[in-house]
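A short worksheet on the structure shown next.
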Amino acid sequence: MTAAVIAPPPGQFEALEAAYAVPPRAYHDFGHVREVLRHYDAVAAGPGWVQPDEVRLAVLYHDAVYEAGRRDNEARSARFAVDEIERWLPGAGIDRRRVAELIELTARHGQFGPHDFGKTAVAADTRHFLDCDMAILGAEPGVFDAYDRAIAAEYRGHVPDWLFRFNRRRFLKSLLGKPRIYLSDFFHERLDGRARNNLRRAITSKR
């Protein structure tokens with residue numbers, strides 16, 4: 001069962017939303033954070049979180065620093081999260097290193113299997129957190145298609161179109177080829193079938 005989470009102090013959300021607004025983004029904006037929080041709440045109401053505050057803060061800050069085409073967005077977001085937690089929640093007992101660890105793991109989406117993190121309750125948090133961020137793959141087809149177009153829009157002007165299409169298709173094919181798209185049973189049972197249909201359509205459609 002998930003305990004009540006720490007309420008953010010006045011100003012923290014405003015600062016966070018300001019960070020997500022720069023540079024302007026087609027997908028990795030604060031709307032994406034709200035959607036991931038919706039899945040965070042679903043886990044809280046279901047299997048629950050062992051470290052609800054740390055995971056929620058990781059959700060809030062995981063894409064705070066984002067520039068399409070850069071390879072250090074997750075590391076920069078993790079550092080930003082640590083600094084902001086120290087600024088806004090200095091005496092709350094938050095494990096800042098755990099928040100940073102979770103954020104940095106999002107740089108390796110698609111590279112993990114269900115057993116990579118062990119069998120502890122904390123490991124279950126890790127799987128559920130990563131699945132929350134990937135839940136968009138199992139969205140309704142129209143929502144998934146809008147997400148797919150938004151990712152392309154973010155990279156436009158930063159990466160040649162042909163290179164983006166090649167890398168994007170390769171990534172989606174690698175996900176489709178995995179025996180499990182989602183690391184946790186909670187997300188696997190709810191979203192796997194729809195995610196596979198979305199991925200097949202994205203891979204075979206002309207762009």
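Ligands are numbered from 1 in the order shown, residues from 1 within each chain, and chains are lettered A, B, ... in the order they appear in the structure tokens.
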
Just want the 10 Å neighbourhood of segment 66-82 of chain A, counted on only C-alpha atoms, with same-chain residues fewer than 2 positions away dropped. Output as a tab-separated table (two decimals) with all heavy atoms, in the first residue's frame.
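Output below, filename result-v5.tsv:
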chain	number	residue	atom	x	y	z
A	16	LEU	N	9.00	24.06	-11.78
A	16	LEU	CA	9.10	22.85	-12.60
A	16	LEU	C	8.43	23.05	-13.96
A	16	LEU	O	9.01	22.68	-15.00
A	16	LEU	CB	8.44	21.69	-11.85
A	16	LEU	CG	8.60	20.29	-12.42
A	16	LEU	CD1	10.08	19.92	-12.53
A	16	LEU	CD2	7.88	19.29	-11.54
A	19	ALA	N	10.63	25.02	-16.20
A	19	ALA	CA	11.73	24.23	-16.76
A	19	ALA	C	11.27	23.43	-17.97
A	19	ALA	O	11.97	23.35	-18.99
A	19	ALA	CB	12.31	23.29	-15.70
A	20	TYR	N	10.06	22.87	-17.89
A	20	TYR	CA	9.55	22.05	-18.99
A	20	TYR	C	9.14	22.90	-20.20
A	20	TYR	O	8.92	22.35	-21.28
A	20	TYR	CB	8.36	21.22	-18.51
A	20	TYR	CG	8.76	19.89	-17.91
A	20	TYR	CD1	9.08	19.78	-16.57
A	20	TYR	CD2	8.84	18.74	-18.70
A	20	TYR	CE1	9.46	18.57	-16.01
A	20	TYR	CE2	9.22	17.53	-18.16
A	20	TYR	CZ	9.52	17.45	-16.80
A	20	TYR	OH	9.91	16.24	-16.26
A	21	ALA	N	9.02	24.17	-20.03
A	21	ALA	CA	8.62	25.05	-21.13
A	21	ALA	C	9.79	25.52	-21.98
A	21	ALA	O	9.59	26.15	-23.02
A	21	ALA	CB	7.87	26.27	-20.58
A	22	VAL	N	11.02	25.19	-21.56
A	22	VAL	CA	12.22	25.66	-22.27
A	22	VAL	C	13.13	24.48	-22.58
A	22	VAL	O	13.57	23.78	-21.67
A	22	VAL	CB	12.98	26.71	-21.42
A	22	VAL	CG1	14.20	27.20	-22.16
A	22	VAL	CG2	12.07	27.87	-21.05
A	23	PRO	N	13.48	24.27	-23.85
A	23	PRO	CA	12.87	24.91	-25.02
A	23	PRO	C	11.46	24.37	-25.25
A	23	PRO	O	11.11	23.33	-24.69
A	23	PRO	CB	13.82	24.50	-26.15
A	23	PRO	CG	14.34	23.15	-25.72
A	23	PRO	CD	14.48	23.24	-24.23
A	24	PRO	N	10.65	25.04	-26.09
A	24	PRO	CA	9.31	24.52	-26.39
A	24	PRO	C	9.40	23.10	-26.96
A	24	PRO	O	10.29	22.81	-27.75
A	24	PRO	CB	8.78	25.51	-27.43
A	24	PRO	CG	9.56	26.77	-27.18
A	24	PRO	CD	10.93	26.32	-26.75
A	25	ARG	N	8.49	22.25	-26.54
A	25	ARG	CA	8.56	20.84	-26.93
A	25	ARG	C	7.21	20.35	-27.44
A	25	ARG	O	6.16	20.79	-26.95
A	25	ARG	CB	8.96	19.99	-25.71
A	25	ARG	CG	10.17	20.56	-24.98
A	25	ARG	CD	10.26	20.01	-23.58
A	25	ARG	NE	11.28	20.72	-22.81
A	25	ARG	CZ	11.74	20.29	-21.65
A	25	ARG	NH1	11.28	19.17	-21.12
A	25	ARG	NH2	12.66	20.98	-21.00
A	28	HIS	N	7.71	16.15	-24.96
A	28	HIS	CA	8.31	16.06	-23.62
A	28	HIS	C	8.08	17.33	-22.81
A	28	HIS	O	9.02	17.92	-22.28
A	28	HIS	CB	9.80	15.75	-23.73
A	28	HIS	CG	10.09	14.37	-24.22
A	28	HIS	ND1	10.32	14.09	-25.54
A	28	HIS	CD2	10.16	13.18	-23.55
A	28	HIS	CE1	10.53	12.79	-25.68
A	28	HIS	NE2	10.43	12.21	-24.50
A	29	ASP	N	6.82	17.72	-22.71
A	29	ASP	CA	6.45	18.91	-21.95
A	29	ASP	C	5.77	18.50	-20.66
A	29	ASP	O	5.74	17.30	-20.31
A	29	ASP	CB	5.57	19.83	-22.79
A	29	ASP	CG	4.30	19.13	-23.30
A	29	ASP	OD1	4.00	18.01	-22.82
A	29	ASP	OD2	3.62	19.69	-24.16
A	57	LEU	N	8.80	12.12	-7.44
A	57	LEU	CA	9.74	13.18	-7.81
A	57	LEU	C	10.50	12.80	-9.09
A	57	LEU	O	10.78	13.66	-9.93
A	57	LEU	CB	10.71	13.45	-6.67
A	57	LEU	CG	10.10	14.23	-5.49
A	57	LEU	CD1	10.98	14.11	-4.25
A	57	LEU	CD2	9.89	15.70	-5.86
A	58	ALA	N	10.81	11.53	-9.25
A	58	ALA	CA	11.45	11.09	-10.49
A	58	ALA	C	10.53	11.31	-11.68
A	58	ALA	O	10.97	11.72	-12.75
A	58	ALA	CB	11.86	9.62	-10.38
A	60	LEU	N	8.21	13.62	-11.86
A	60	LEU	CA	8.10	15.07	-12.07
A	60	LEU	C	9.31	15.64	-12.80
A	60	LEU	O	9.17	16.54	-13.63
A	60	LEU	CB	7.94	15.78	-10.72
A	60	LEU	CG	6.59	15.60	-10.02
A	60	LEU	CD1	6.65	16.20	-8.62
A	60	LEU	CD2	5.47	16.25	-10.82
A	61	TYR	N	10.50	15.11	-12.52
A	61	TYR	CA	11.72	15.73	-13.04
A	61	TYR	C	12.39	14.95	-14.18
A	61	TYR	O	13.40	15.41	-14.70
A	61	TYR	CB	12.72	15.90	-11.90
A	61	TYR	CG	12.38	17.03	-10.96
A	61	TYR	CD1	11.70	16.81	-9.78
A	61	TYR	CD2	12.71	18.36	-11.28
A	61	TYR	CE1	11.36	17.85	-8.92
A	61	TYR	CE2	12.39	19.40	-10.44
A	61	TYR	CZ	11.71	19.14	-9.26
A	61	TYR	OH	11.37	20.19	-8.43
A	62	HIS	N	11.83	13.82	-14.61
A	62	HIS	CA	12.60	12.93	-15.48
A	62	HIS	C	12.92	13.52	-16.85
A	62	HIS	O	13.90	13.12	-17.48
A	62	HIS	CB	11.92	11.57	-15.62
A	62	HIS	CG	10.72	11.54	-16.51
A	62	HIS	ND1	9.50	12.07	-16.15
A	62	HIS	CD2	10.55	11.04	-17.77
A	62	HIS	CE1	8.64	11.88	-17.13
A	62	HIS	NE2	9.25	11.27	-18.13
A	63	ASP	N	12.13	14.47	-17.33
A	63	ASP	CA	12.42	15.13	-18.61
A	63	ASP	C	12.55	16.65	-18.44
A	63	ASP	O	12.33	17.40	-19.39
A	63	ASP	CB	11.33	14.83	-19.64
A	63	ASP	CG	11.43	13.43	-20.21
A	63	ASP	OD1	12.57	12.96	-20.41
A	63	ASP	OD2	10.38	12.80	-20.44
A	64	ALA	N	12.88	17.09	-17.25
A	64	ALA	CA	12.93	18.53	-16.98
A	64	ALA	C	13.93	19.24	-17.89
A	64	ALA	O	13.71	20.37	-18.32
A	64	ALA	CB	13.27	18.80	-15.52
A	84	GLU	N	16.99	20.72	-7.16
A	84	GLU	CA	15.68	21.25	-6.83
A	84	GLU	C	15.11	20.63	-5.55
A	84	GLU	O	14.44	21.31	-4.77
A	84	GLU	CB	14.71	21.04	-8.00
A	84	GLU	CG	15.01	21.90	-9.21
A	84	GLU	CD	14.76	23.38	-8.93
A	84	GLU	OE1	13.60	23.80	-8.94
A	84	GLU	OE2	15.76	24.10	-8.70
A	85	ILE	N	15.37	19.36	-5.34
A	85	ILE	CA	14.93	18.71	-4.10
A	85	ILE	C	15.63	19.34	-2.90
A	85	ILE	O	15.02	19.60	-1.86
A	85	ILE	CB	15.17	17.19	-4.15
A	85	ILE	CG1	14.25	16.55	-5.21
A	85	ILE	CG2	14.94	16.55	-2.79
A	85	ILE	CD1	14.63	15.13	-5.56
A	86	GLU	N	16.91	19.60	-3.07
A	86	GLU	CA	17.67	20.25	-2.00
A	86	GLU	C	17.13	21.66	-1.76
A	86	GLU	O	17.09	22.13	-0.61
A	86	GLU	CB	19.15	20.30	-2.37
A	86	GLU	CG	20.05	20.73	-1.23
A	86	GLU	CD	21.52	20.54	-1.57
A	86	GLU	OE1	21.83	19.69	-2.42
A	86	GLU	OE2	22.34	21.26	-0.98
A	87	ARG	N	16.71	22.32	-2.82
A	87	ARG	CA	16.19	23.69	-2.70
A	87	ARG	C	14.82	23.73	-2.04
A	87	ARG	O	14.58	24.53	-1.13
A	87	ARG	CB	16.11	24.32	-4.09
A	87	ARG	CG	15.44	25.70	-4.12
A	87	ARG	CD	15.22	26.14	-5.56
A	87	ARG	NE	14.55	27.43	-5.64
A	87	ARG	CZ	14.06	27.96	-6.76
A	87	ARG	NH1	14.19	27.31	-7.91
A	87	ARG	NH2	13.45	29.14	-6.74
A	94	ILE	N	14.12	12.95	1.66
A	94	ILE	CA	14.07	12.33	0.33
A	94	ILE	C	15.43	11.73	0.00
A	94	ILE	O	16.48	12.36	0.21
A	94	ILE	CB	13.70	13.37	-0.74
A	94	ILE	CG1	12.32	13.98	-0.45
A	94	ILE	CG2	13.75	12.77	-2.14
A	94	ILE	CD1	11.18	13.00	-0.53
A	95	ASP	N	15.42	10.53	-0.53
A	95	ASP	CA	16.65	9.89	-1.01
A	95	ASP	C	16.94	10.45	-2.41
A	95	ASP	O	16.45	9.94	-3.42
A	95	ASP	CB	16.46	8.37	-1.06
A	95	ASP	CG	17.73	7.62	-1.45
A	95	ASP	OD1	18.69	8.27	-1.94
A	95	ASP	OD2	17.76	6.40	-1.28
A	96	ARG	N	17.73	11.49	-2.47
A	96	ARG	CA	17.99	12.18	-3.74
A	96	ARG	C	18.73	11.28	-4.73
A	96	ARG	O	18.50	11.36	-5.93
A	96	ARG	CB	18.78	13.47	-3.49
A	96	ARG	CG	18.00	14.50	-2.67
A	96	ARG	CD	18.68	15.84	-2.65
A	96	ARG	NE	19.97	15.84	-1.96
A	96	ARG	CZ	20.12	16.05	-0.67
A	96	ARG	NH1	19.07	16.28	0.10
A	96	ARG	NH2	21.32	16.06	-0.13
A	97	ARG	N	19.61	10.44	-4.21
A	97	ARG	CA	20.35	9.54	-5.13
A	97	ARG	C	19.41	8.55	-5.80
A	97	ARG	O	19.60	8.19	-6.97
A	97	ARG	CB	21.44	8.81	-4.36
A	97	ARG	CG	22.65	9.69	-4.06
A	97	ARG	CD	23.85	8.90	-3.60
A	97	ARG	NE	23.62	8.25	-2.32
A	97	ARG	CZ	24.52	7.52	-1.68
A	97	ARG	NH1	25.71	7.32	-2.22
A	97	ARG	NH2	24.26	6.98	-0.51
A	98	ARG	N	18.38	8.11	-5.08
A	98	ARG	CA	17.40	7.20	-5.68
A	98	ARG	C	16.61	7.91	-6.77
A	98	ARG	O	16.35	7.34	-7.84
A	98	ARG	CB	16.47	6.67	-4.58
A	98	ARG	CG	15.30	5.82	-5.09
A	98	ARG	CD	15.76	4.58	-5.81
A	98	ARG	NE	14.63	3.68	-6.06
A	98	ARG	CZ	14.62	2.72	-6.96
A	98	ARG	NH1	15.70	2.50	-7.71
A	98	ARG	NH2	13.56	1.95	-7.12
A	99	VAL	N	16.22	9.15	-6.53
A	99	VAL	CA	15.51	9.92	-7.56
A	99	VAL	C	16.38	10.04	-8.80
A	99	VAL	O	15.92	9.81	-9.93
A	99	VAL	CB	15.12	11.31	-7.03
A	99	VAL	CG1	14.47	12.14	-8.13
A	99	VAL	CG2	14.18	11.20	-5.83
A	100	ALA	N	17.64	10.39	-8.61
A	100	ALA	CA	18.56	10.54	-9.74
A	100	ALA	C	18.75	9.22	-10.47
A	100	ALA	O	18.78	9.18	-11.72
A	100	ALA	CB	19.90	11.09	-9.26
A	101	GLU	N	18.87	8.13	-9.72
A	101	GLU	CA	19.04	6.81	-10.34
A	101	GLU	C	17.87	6.47	-11.24
A	101	GLU	O	18.06	6.02	-12.38
A	101	GLU	CB	19.17	5.75	-9.24
A	101	GLU	CG	19.24	4.32	-9.78
A	101	GLU	CD	19.08	3.28	-8.69
A	101	GLU	OE1	18.28	3.49	-7.75
A	101	GLU	OE2	19.73	2.24	-8.79
A	102	LEU	N	16.66	6.68	-10.76
A	102	LEU	CA	15.48	6.36	-11.57
A	102	LEU	C	15.45	7.20	-12.84
A	102	LEU	O	15.18	6.68	-13.93
A	102	LEU	CB	14.21	6.61	-10.75
A	102	LEU	CG	13.93	5.61	-9.63
A	102	LEU	CD1	12.78	6.10	-8.75
A	102	LEU	CD2	13.60	4.23	-10.19
A	103	ILE	N	15.73	8.48	-12.72
A	103	ILE	CA	15.72	9.35	-13.90
A	103	ILE	C	16.75	8.90	-14.91
A	103	ILE	O	16.48	8.83	-16.12
A	103	ILE	CB	15.96	10.81	-13.48
A	103	ILE	CG1	14.78	11.34	-12.66
A	103	ILE	CG2	16.20	11.70	-14.71
A	103	ILE	CD1	15.01	12.70	-12.04
A	104	GLU	N	17.94	8.57	-14.46
A	104	GLU	CA	19.01	8.17	-15.38
A	104	GLU	C	18.68	6.85	-16.08
A	104	GLU	O	19.11	6.62	-17.21
A	104	GLU	CB	20.34	8.08	-14.63
A	104	GLU	CG	20.86	9.46	-14.25
A	104	GLU	CD	22.14	9.41	-13.42
A	104	GLU	OE1	22.62	8.29	-13.13
A	104	GLU	OE2	22.65	10.48	-13.07
A	105	LEU	N	17.90	5.98	-15.45
A	105	LEU	CA	17.51	4.72	-16.08
A	105	LEU	C	16.64	4.94	-17.31
A	105	LEU	O	16.62	4.10	-18.21
A	105	LEU	CB	16.78	3.82	-15.08
A	105	LEU	CG	17.62	3.15	-14.01
A	105	LEU	CD1	16.73	2.43	-13.00
A	105	LEU	CD2	18.62	2.16	-14.62
A	106	THR	N	15.95	6.07	-17.38
A	106	THR	CA	15.08	6.31	-18.54
A	106	THR	C	15.88	6.50	-19.83
A	106	THR	O	15.31	6.42	-20.91
A	106	THR	CB	14.15	7.52	-18.31
A	106	THR	OG1	14.93	8.72	-18.20
A	106	THR	CG2	13.29	7.34	-17.07
A	107	ALA	N	17.17	6.72	-19.72
A	107	ALA	CA	18.02	6.82	-20.91
A	107	ALA	C	18.17	5.46	-21.59
A	107	ALA	O	18.62	5.39	-22.75
A	107	ALA	CB	19.39	7.36	-20.54
A	108	ARG	N	17.80	4.39	-20.89
A	108	ARG	CA	18.02	3.04	-21.43
A	108	ARG	C	16.70	2.29	-21.63
A	108	ARG	O	16.66	1.06	-21.56
A	108	ARG	CB	18.95	2.27	-20.49
A	108	ARG	CG	20.33	2.92	-20.35
A	108	ARG	CD	21.12	2.29	-19.22
A	108	ARG	NE	21.33	0.88	-19.43
A	108	ARG	CZ	21.74	0.02	-18.47
A	108	ARG	NH1	21.96	0.47	-17.25
A	108	ARG	NH2	21.89	-1.25	-18.74
A	151	ILE	N	6.99	13.18	-31.44
A	151	ILE	CA	8.41	12.84	-31.33
A	151	ILE	C	9.14	13.25	-32.59
A	151	ILE	O	10.23	13.84	-32.54
A	151	ILE	CB	8.59	11.32	-31.07
A	151	ILE	CG1	8.02	10.93	-29.70
A	151	ILE	CG2	10.06	10.93	-31.18
A	151	ILE	CD1	8.75	11.51	-28.52
A	152	ALA	N	8.55	12.96	-33.74
A	152	ALA	CA	9.16	13.36	-35.01
A	152	ALA	C	9.31	14.88	-35.09
A	152	ALA	O	10.34	15.40	-35.55
A	152	ALA	CB	8.33	12.84	-36.18
A	153	ALA	N	8.29	15.60	-34.61
A	153	ALA	CA	8.34	17.07	-34.65
A	153	ALA	C	9.46	17.60	-33.76
A	153	ALA	O	10.12	18.59	-34.12
A	153	ALA	CB	7.00	17.64	-34.20
A	154	GLU	N	9.70	16.97	-32.63
A	154	GLU	CA	10.76	17.43	-31.74
A	154	GLU	C	12.14	17.30	-32.36
A	154	GLU	O	13.03	18.13	-32.13
A	154	GLU	CB	10.72	16.65	-30.42
A	154	GLU	CG	9.60	17.08	-29.50
A	154	GLU	CD	9.67	16.45	-28.13
A	154	GLU	OE1	10.29	15.37	-27.98
A	154	GLU	OE2	9.09	17.01	-27.19
A	155	TYR	N	12.33	16.26	-33.16
A	155	TYR	CA	13.65	16.02	-33.75
A	155	TYR	C	13.85	16.79	-35.06
A	155	TYR	O	14.98	16.89	-35.53
A	155	TYR	CB	13.85	14.52	-33.98
A	155	TYR	CG	14.36	13.81	-32.76
A	155	TYR	CD1	13.49	13.40	-31.76
A	155	TYR	CD2	15.72	13.57	-32.58
A	155	TYR	CE1	13.94	12.76	-30.63
A	155	TYR	CE2	16.19	12.93	-31.46
A	155	TYR	CZ	15.30	12.53	-30.48
A	155	TYR	OH	15.77	11.91	-29.35
A	156	ARG	N	12.76	17.30	-35.61
A	156	ARG	CA	12.87	18.01	-36.89
A	156	ARG	C	13.76	19.25	-36.73
A	156	ARG	O	13.58	20.05	-35.82
A	156	ARG	CB	11.48	18.41	-37.37
A	156	ARG	CG	11.43	18.78	-38.85
A	156	ARG	CD	9.98	18.85	-39.32
A	156	ARG	NE	9.33	17.54	-39.23
A	156	ARG	CZ	8.19	17.32	-38.59
A	156	ARG	NH1	7.57	18.31	-37.96
A	156	ARG	NH2	7.66	16.11	-38.57
A	157	GLY	N	14.76	19.35	-37.57
A	157	GLY	CA	15.69	20.46	-37.48
A	157	GLY	C	16.91	20.17	-36.62
A	157	GLY	O	17.88	20.92	-36.64
A	158	HIS	N	16.84	19.08	-35.85
A	158	HIS	CA	17.97	18.69	-34.99
A	158	HIS	C	18.71	17.48	-35.55
A	158	HIS	O	19.92	17.35	-35.35
A	158	HIS	CB	17.48	18.36	-33.58
A	158	HIS	CG	16.84	19.51	-32.88
A	158	HIS	ND1	17.57	20.48	-32.22
A	158	HIS	CD2	15.53	19.85	-32.74
A	158	HIS	CE1	16.73	21.38	-31.69
A	158	HIS	NE2	15.50	21.03	-32.01
A	159	VAL	N	17.98	16.62	-36.24
A	159	VAL	CA	18.54	15.40	-36.82
A	159	VAL	C	17.98	15.29	-38.24
A	159	VAL	O	16.79	15.56	-38.45
A	159	VAL	CB	18.13	14.15	-35.99
A	159	VAL	CG1	18.63	12.88	-36.65
A	159	VAL	CG2	18.67	14.26	-34.57
A	164	PHE	N	16.52	10.21	-38.53
A	164	PHE	CA	15.49	10.04	-37.49
A	164	PHE	C	14.61	8.85	-37.81
A	164	PHE	O	14.34	8.00	-36.95
A	164	PHE	CB	14.63	11.29	-37.35
A	164	PHE	CG	13.41	11.06	-36.50
A	164	PHE	CD1	13.52	11.05	-35.11
A	164	PHE	CD2	12.17	10.80	-37.08
A	164	PHE	CE1	12.40	10.80	-34.32
A	164	PHE	CE2	11.06	10.55	-36.29
A	164	PHE	CZ	11.18	10.55	-34.91

From a backbone DSSP assignment, name each residue in segment 13-206 of chain A labelled alpha helix (DSSP H), as a count of residues only.
125

Pick out the closest residue to Arg196 of chain A from this set: A:Val36, A:Ala92, A:Ile136, A:Ala146. Count only C-alpha atoms.
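Closest to Arg196 of chain A of all the choices is A:Ile136.
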
Neighbour list for His109 of chain A as a PyMOL selection string, cut-off 12 Å, only C-alpha atoms, skip fewer than 6 positions in-chain
chain A and resi 74+102-103+126-127+129-135+171-172+174-175+181-183

Residue among A:Val55, A:Trp49, A:Asn198, A:Gly31 lying closest to Val143 of chain A, counting only C-alpha atoms
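Ranked by minimum distance to Val143 of chain A, first place goes to A:Asn198.
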
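Going from atom CA of Gly91 of chain A to atom CA of Ala121 of chain A covers 24.9 Å.
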
Between atom CA of Pro8 of chain A and atom CA of Gly46 of chain A, what distance in Å does the model show, to one decimal?
23.4 Å

Could you please determine the separation between atom CA of Ala15 of chain A and atom CA of His128 of chain A in Å, to one decimal place?
26.3 Å

List as an NGL selection string the protein and nucleic acid residues near Gly113 of chain A, meaning an atom at most 9 Å away when only C-alpha atoms are counted, but skip any in the same chain fewer than 2 places from it.
:A and (110-111 or 115-117 or 178-183)

Expected file contents, prior selection, C-alpha atoms, as a PDB file, in the first residue's frame:
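Full text of selection.pdb as output:
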ATOM      1  CA  GLY A 110      14.010  -0.851 -24.173  1.00  0.00           C
ATOM      2  CA  GLN A 111      17.267  -2.326 -22.882  1.00  0.00           C
ATOM      3  CA  HIS A 115      14.329  -9.732 -14.133  1.00  0.00           C
ATOM      4  CA  ASP A 116      17.114  -7.180 -14.455  1.00  0.00           C
ATOM      5  CA  PHE A 117      16.423  -5.412 -11.169  1.00  0.00           C
ATOM      6  CA  LYS A 178      11.075  -8.315 -27.177  1.00  0.00           C
ATOM      7  CA  PRO A 179       9.112 -11.057 -25.404  1.00  0.00           C
ATOM      8  CA  ARG A 180       7.967  -8.409 -22.912  1.00  0.00           C
ATOM      9  CA  ILE A 181       7.530  -4.734 -23.752  1.00  0.00           C
ATOM     10  CA  TYR A 182       6.615  -3.919 -20.158  1.00  0.00           C
ATOM     11  CA  LEU A 183       8.747  -4.950 -17.214  1.00  0.00           C
TER      12      LEU A 183
END

Which is closest to Glu140 of chain A among A:Arg56, A:Arg194, A:Lys119, A:Lys173, if we use only C-alpha atoms?
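Using only C-alpha atoms, Glu140 of chain A sits closest to A:Arg194.
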